[in-house]
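Trainee: This is the structure I have questions about; it appears just below.
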Amino acid sequence: MDEYQKAAEMIAGSKAVAAFSGAGISAESGIPTFRDPGGLWDQFDPDEVATSGGLLKAVMRKPELIRSFFLQTVEIFEQAQPNPGHVALQVLEEMSLLKTVITQNIDNLHQEAGCTRVLEVHGNLFRGRCLNCGRKQALNKRELLARVKKFFADESGFELGGLLGIMPNCPHCRGLSRPDVVMFGEAVQQMPEAFAAAESCDLMLVLGTSGVVYPAAAIPYQARENRAQIIEINPTDNYYGSISEVYISAPSGQALPKLVDLVKDLL
Ligand SMILES: [Zn+2]
């Protein structure tokens with residue numbers, strides 16, 4: 001039996017599937033995996049642009065670098081759409097098989113594909129978090145990207161204060177807000193919920209993650225500990241080889257739609 005058939009039978013026989021996704025599934029939507037060669041970290045030092053302290057310093061010392069980083073990032077997110085892998089997960093949710101998506105991605109693409117229960121351990125770029133009261137607010141992606149673009153359009157420079165003004169103020173206390181993403185060195189989010197989802201699933205799809213960013217990378221091991229079966233889909237490597245029953249060496253956007261079709265034939 002080939003790996004696809006085996007995986008489809010496991011999914012069809014499962015009561016609660018959880019998906020654990022990483023940068024690979026976003027890369028298929030055109031969002032580069034920042035860590036890989038050719039990614040943004042080849043051009044920009046993450047210590048400068050992906051820590052809040054570094055970012056503030058870089059804004060003052062190297063405004064042109066920051067401008068270039070933001071403009072490139074905006075372009076990437078403007079063009080990124082959910083891919084067939086994201087869509088296949090939504091279909092699995094609609095079939096009442098998939099219960100939860102746990103993602104390390106911050107791009108909102110699982111939600112844009114229609115998945116309704118998404119845990120985001122590294123936050124969401126299109127959500128604001130109030131620096132004063134801590135409350136969160138969902139932001140309109142197009143509007144936010146347009147504001148960033150407009151802000152950096154002027155080549156003659158920008159004011160640090162203006163940068164903070166890109167984010168809408170908190171609707172509750174009018175405080176300044178920041179994007180609700182986990183920057184390097186900051187605490188991960190929703191981990192208790194993610195571990196609970198890992199413990200209550202009987203099958204976990206591990207998608208496009210190299211399993212190196214802890215603590216999130218421990219989530220599949222937690223699922224395995226609680227006797228969930230593991231299917232890993234990744235064109236690069238079988239990173240979770242020690243715990244996966246099935247490994248499919250393909251991008252999620254190819255493998256998942258094929259699996260969904262096979263599962264439909266079985267039900
Ligand atoms: Zn507030």
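Labeling convention for the structure tokens: chains A, B, ... as they appear, residues from 1 per chain, ligands from 1 in order of appearance.
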What are the DSSP alpha helix (DSSP H) residues of region 6-109 of chain A, as an NGL selection string?

Mentor: :A and (6-12 or 23-27 or 40-43 or 46-49 or 52-61 or 63-79 or 84-94 or 109)

Trainee: Can you pull out the residues contacting Val148 (chain A)? Cut-off 8 Å, using only C-alpha atoms, and skip same-chain residues under 4 positions away; I want them as a tab-separated table (two decimals) with all heavy atoms, in the first residue's frame.

Mentor:
chain	number	residue	atom	x	y	z
A	70	PHE	N	10.54	46.61	5.67
A	70	PHE	CA	9.08	46.72	5.73
A	70	PHE	C	8.45	46.68	4.35
A	70	PHE	O	7.44	46.02	4.13
A	70	PHE	CB	8.65	47.99	6.49
A	70	PHE	CG	8.60	47.80	7.97
A	70	PHE	CD1	9.67	48.16	8.78
A	70	PHE	CD2	7.49	47.25	8.58
A	70	PHE	CE1	9.64	47.98	10.16
A	70	PHE	CE2	7.43	47.07	9.96
A	70	PHE	CZ	8.52	47.43	10.74
A	71	LEU	N	9.05	47.38	3.41
A	71	LEU	CA	8.45	47.42	2.06
A	71	LEU	C	8.48	46.03	1.40
A	71	LEU	O	7.51	45.61	0.77
A	71	LEU	CB	9.15	48.46	1.18
A	71	LEU	CG	8.84	49.92	1.55
A	71	LEU	CD1	9.65	50.88	0.70
A	71	LEU	CD2	7.34	50.22	1.41
A	74	VAL	N	5.81	43.88	3.19
A	74	VAL	CA	4.45	44.24	2.77
A	74	VAL	C	4.13	43.58	1.43
A	74	VAL	O	3.07	42.98	1.24
A	74	VAL	CB	4.27	45.76	2.66
A	74	VAL	CG1	3.03	46.12	1.86
A	74	VAL	CG2	4.21	46.39	4.04
A	144	LEU	N	-4.04	47.52	6.87
A	144	LEU	CA	-2.78	47.62	7.60
A	144	LEU	C	-1.60	47.66	6.63
A	144	LEU	O	-0.71	48.50	6.76
A	144	LEU	CB	-2.64	46.44	8.57
A	144	LEU	CG	-1.37	46.48	9.43
A	144	LEU	CD1	-1.40	47.65	10.41
A	144	LEU	CD2	-1.19	45.18	10.20
A	152	PHE	N	5.99	54.30	4.51
A	152	PHE	CA	7.37	54.19	4.05
A	152	PHE	C	7.57	54.70	2.61
A	152	PHE	O	8.67	54.64	2.08
A	152	PHE	CB	7.86	52.75	4.15
A	152	PHE	CG	8.13	52.33	5.57
A	152	PHE	CD1	7.26	51.47	6.24
A	152	PHE	CD2	9.25	52.79	6.25
A	152	PHE	CE1	7.51	51.08	7.55
A	152	PHE	CE2	9.50	52.41	7.56
A	152	PHE	CZ	8.63	51.55	8.21
A	166	ILE	N	1.28	53.70	12.88
A	166	ILE	CA	0.74	52.85	11.82
A	166	ILE	C	-0.33	51.92	12.39
A	166	ILE	O	-1.36	51.66	11.78
A	166	ILE	CB	1.86	51.99	11.16
A	166	ILE	CG1	2.82	52.89	10.39
A	166	ILE	CG2	1.26	50.94	10.24
A	166	ILE	CD1	4.02	52.15	9.81

Trainee: Nearest to Gln104 (chain A): which of A:Ala16, A:Ala217, A:Leu139, A:Cys173 is it, counting only C-alpha atoms?

Mentor: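 Ranking A:Ala16, A:Ala217, A:Leu139, A:Cys173 by distance to Gln104 (chain A), first place goes to A:Ala217.
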
Trainee: Can I get the residues of chain A within 8 Å of ligand 1, each with the closest pair of atoms and their distance in Å to one decimal, using only C-alpha atoms and all ligand atoms, sorted chain first then ascending number, as a Markdown table?

Mentor:
| residue | atom | partner | partner_atom_place_in_ligand_line | distance |
| --- | --- | --- | --- | --- |
| A:Arg129 | CA | ligand 1 | 1 (Zn) | 7.8 |
| A:Cys130 | CA | ligand 1 | 1 (Zn) | 4.6 |
| A:Leu131 | CA | ligand 1 | 1 (Zn) | 6.8 |
| A:Asn132 | CA | ligand 1 | 1 (Zn) | 5.1 |
| A:Cys133 | CA | ligand 1 | 1 (Zn) | 4.0 |
| A:Gly134 | CA | ligand 1 | 1 (Zn) | 5.9 |
| A:Arg135 | CA | ligand 1 | 1 (Zn) | 5.5 |
| A:Asn169 | CA | ligand 1 | 1 (Zn) | 7.7 |
| A:Cys170 | CA | ligand 1 | 1 (Zn) | 4.6 |
| A:Pro171 | CA | ligand 1 | 1 (Zn) | 6.7 |
| A:His172 | CA | ligand 1 | 1 (Zn) | 5.1 |
| A:Cys173 | CA | ligand 1 | 1 (Zn) | 4.2 |
| A:Arg174 | CA | ligand 1 | 1 (Zn) | 5.8 |
| A:Gly175 | CA | ligand 1 | 1 (Zn) | 4.9 |
| A:Leu176 | CA | ligand 1 | 1 (Zn) | 7.4 |
| A:Ser177 | CA | ligand 1 | 1 (Zn) | 7.6 |

Trainee: Taking 5 positions as the minimum chain separation for residues in the same chain, which residues sit within 12 Å of Leu109 (chain A) when counting only C-alpha atoms? Answer as a CSV table (one decimal) with N, CA, C and O atoms, in the first residue's frame.

Mentor:
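What landed in out.csv:
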chain,number,residue,atom,x,y,z
A,21,SER,N,1.3,23.1,11.8
A,21,SER,CA,2.0,23.6,10.5
A,21,SER,C,3.1,24.6,10.8
A,21,SER,O,3.1,25.3,11.8
A,22,GLY,N,4.0,24.6,9.9
A,22,GLY,CA,5.2,25.5,10.0
A,22,GLY,C,5.4,26.3,8.7
A,22,GLY,O,4.6,26.3,7.8
A,23,ALA,N,6.6,26.8,8.6
A,23,ALA,CA,6.9,27.8,7.6
A,23,ALA,C,6.7,27.2,6.2
A,23,ALA,O,6.5,27.9,5.2
A,25,ILE,N,4.4,25.4,4.7
A,25,ILE,CA,3.1,25.6,4.1
A,25,ILE,C,2.9,27.1,3.7
A,25,ILE,O,2.3,27.4,2.6
A,26,SER,N,3.5,28.0,4.4
A,26,SER,CA,3.4,29.4,4.0
A,26,SER,C,4.3,29.7,2.8
A,26,SER,O,4.0,30.5,2.0
A,27,ALA,N,5.5,29.0,2.8
A,27,ALA,CA,6.4,29.2,1.7
A,27,ALA,C,5.7,28.9,0.4
A,27,ALA,O,6.0,29.5,-0.7
A,28,GLU,N,4.8,27.9,0.4
A,28,GLU,CA,4.1,27.5,-0.8
A,28,GLU,C,3.1,28.6,-1.3
A,28,GLU,O,2.6,28.6,-2.4
A,29,SER,N,2.8,29.5,-0.3
A,29,SER,CA,2.0,30.7,-0.7
A,29,SER,C,2.9,31.9,-1.0
A,29,SER,O,2.4,33.0,-1.1
A,30,GLY,N,4.2,31.7,-1.1
A,30,GLY,CA,5.1,32.8,-1.5
A,30,GLY,C,5.7,33.6,-0.3
A,30,GLY,O,6.3,34.6,-0.5
A,31,ILE,N,5.4,33.1,0.9
A,31,ILE,CA,6.1,33.7,2.0
A,31,ILE,C,7.4,33.0,2.3
A,31,ILE,O,7.3,31.8,2.7
A,77,PHE,N,3.4,39.9,1.8
A,77,PHE,CA,2.1,39.6,2.4
A,77,PHE,C,0.9,40.0,1.6
A,77,PHE,O,-0.2,39.4,1.6
A,78,GLU,N,1.1,41.1,0.8
A,78,GLU,CA,0.0,41.5,-0.1
A,78,GLU,C,-0.3,40.4,-1.1
A,78,GLU,O,-1.4,40.2,-1.5
A,79,GLN,N,0.8,39.7,-1.6
A,79,GLN,CA,0.6,38.7,-2.6
A,79,GLN,C,0.2,37.3,-2.1
A,79,GLN,O,-0.3,36.5,-2.9
A,80,ALA,N,0.5,37.1,-0.9
A,80,ALA,CA,0.3,35.7,-0.4
A,80,ALA,C,-1.2,35.4,-0.2
A,80,ALA,O,-2.0,36.1,0.4
A,81,GLN,N,-1.6,34.2,-0.8
A,81,GLN,CA,-3.0,33.7,-0.7
A,81,GLN,C,-2.9,32.3,-0.1
A,81,GLN,O,-1.9,31.6,-0.3
A,82,PRO,N,-4.0,31.8,0.5
A,82,PRO,CA,-4.0,30.4,0.9
A,82,PRO,C,-3.8,29.5,-0.3
A,82,PRO,O,-4.3,29.8,-1.4
A,83,ASN,N,-3.0,28.5,-0.1
A,83,ASN,CA,-2.7,27.5,-1.2
A,83,ASN,C,-3.6,26.3,-1.0
A,83,ASN,O,-4.3,26.1,0.0
A,84,PRO,N,-3.5,25.4,-2.0
A,84,PRO,CA,-4.4,24.2,-1.9
A,84,PRO,C,-4.2,23.4,-0.6
A,84,PRO,O,-5.1,22.7,-0.2
A,85,GLY,N,-3.0,23.5,0.0
A,85,GLY,CA,-2.8,22.8,1.3
A,85,GLY,C,-3.7,23.4,2.4
A,85,GLY,O,-4.4,22.7,3.2
A,86,HIS,N,-3.7,24.7,2.5
A,86,HIS,CA,-4.6,25.4,3.4
A,86,HIS,C,-6.1,25.1,3.2
A,86,HIS,O,-6.9,24.8,4.1
A,87,VAL,N,-6.4,25.1,1.9
A,87,VAL,CA,-7.8,24.8,1.5
A,87,VAL,C,-8.2,23.4,1.9
A,87,VAL,O,-9.3,23.1,2.4
A,89,LEU,N,-7.2,21.6,4.3
A,89,LEU,CA,-7.4,21.5,5.8
A,89,LEU,C,-8.8,22.0,6.1
A,89,LEU,O,-9.5,21.5,7.0
A,90,GLN,N,-9.2,23.1,5.4
A,90,GLN,CA,-10.6,23.6,5.6
A,90,GLN,C,-11.6,22.5,5.3
A,90,GLN,O,-12.6,22.3,5.9
A,101,VAL,N,-6.2,23.4,14.1
A,101,VAL,CA,-4.9,23.7,13.5
A,101,VAL,C,-4.0,24.4,14.5
A,101,VAL,O,-4.4,25.5,15.1
A,103,THR,N,-0.6,26.4,14.5
A,103,THR,CA,0.4,26.9,13.5
A,103,THR,C,1.5,27.7,14.2
A,103,THR,O,1.2,28.4,15.2
A,104,GLN,N,2.6,27.6,13.6
A,104,GLN,CA,3.7,28.5,14.0
A,104,GLN,C,3.8,29.7,13.0
A,104,GLN,O,4.6,30.6,13.2
A,114,GLY,N,-10.5,29.5,5.7
A,114,GLY,CA,-11.8,29.2,6.3
A,114,GLY,C,-11.7,28.3,7.5
A,114,GLY,O,-12.7,27.9,8.1
A,115,CYS,N,-10.5,27.9,8.0
A,115,CYS,CA,-10.4,27.1,9.2
A,115,CYS,C,-10.8,28.0,10.4
A,115,CYS,O,-10.4,29.2,10.5
A,116,THR,N,-11.6,27.4,11.3
A,116,THR,CA,-12.2,28.2,12.4
A,116,THR,C,-11.5,28.0,13.7
A,116,THR,O,-11.6,28.9,14.6
A,118,VAL,N,-8.0,27.9,15.0
A,118,VAL,CA,-6.5,28.0,14.7
A,118,VAL,C,-5.8,28.5,16.0
A,118,VAL,O,-6.2,29.6,16.5
A,120,GLU,N,-2.4,29.9,17.4
A,120,GLU,CA,-1.2,30.6,16.7
A,120,GLU,C,-0.1,30.8,17.8
A,120,GLU,O,-0.1,31.8,18.5
A,124,ASN,N,-0.1,36.6,15.5
A,124,ASN,CA,-0.7,36.9,14.2
A,124,ASN,C,-0.3,38.3,13.9
A,124,ASN,O,-0.6,39.2,14.6
A,125,LEU,N,0.3,38.5,12.7
A,125,LEU,CA,0.7,39.8,12.3
A,125,LEU,C,-0.4,40.8,12.1
A,125,LEU,O,-0.2,42.0,12.2
A,126,PHE,N,-1.6,40.3,11.8
A,126,PHE,CA,-2.7,41.1,11.5
A,126,PHE,C,-3.7,41.2,12.7
A,126,PHE,O,-4.9,41.3,12.6
A,141,LYS,N,-6.3,43.3,7.2
A,141,LYS,CA,-5.0,43.0,6.6
A,141,LYS,C,-4.7,44.0,5.5
A,141,LYS,O,-3.6,44.7,5.5

Trainee: Can you pull out every residue from region 74-205 of chain A that DSSP, working from the backbone, puts in strand (DSSP E), and format the result as number ranges by chain?

Mentor: A: 98-103, 118-120, 123-130, 136-138, 177-181, 203-205

Trainee: Find the residue from A:Leu145, A:Ile230, A:Val59, A:Ala216 that sits nearest to Glu193 (chain A); use only C-alpha atoms when measuring.

Mentor: A:Ala216

Trainee: So which one's closest to Leu267 (chain A), A:Lys57, A:Asp2, A:Leu97, A:Thr51? Using only C-alpha atoms, please.

Mentor: A:Leu97

Trainee: For Glu48 (chain A), which residue out of A:Phe184, A:Met95, A:Pro32, A:Arg147 is the nearest one, using only C-alpha atoms?

Mentor: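 Closest candidate: A:Phe184.
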
Trainee: Between A:Ala198, A:Val91, A:Met60, A:Val246, which is the closest to Val260 (chain A) once you count only C-alpha atoms?

Mentor: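 Counting only C-alpha atoms, the residue closest to Val260 (chain A) is A:Val91.
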
Trainee: Identify, on the basis of only C-alpha atoms, every residue whose closest approach to region 6-15 of chain A does not exceed 6 Å; exclude the query and any residue fewer than 3 positions from it along the same chain; express the result as a list in words.

Mentor: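 Selected residues are Glu3, Leu259, Leu262 and Val263 of chain A.
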
Trainee: Could you tell me how far CA of Ile106 (chain A) sits from CA of Ser244 (chain A), in Å to one decimal place?

Mentor: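 Separating CA of Ser244 (chain A) from CA of Ile106 (chain A) is a distance of 25.4 Å.
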
Trainee: Smallest atom-to-atom distance to Lys62 (chain A): which of A:Met1, A:Leu119, A:Ala153, A:Leu160, using only C-alpha atoms?

Mentor: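 Residue with the minimum atom-to-atom distance to Lys62 (chain A): A:Leu160.
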
Trainee: Mind giving me the straight-line distance from CA of Pro257 (chain A) to CA of Ile76 (chain A) in Å, one decimal?

Mentor: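 Separation of CA of Pro257 (chain A) and CA of Ile76 (chain A): 24.4 Å.
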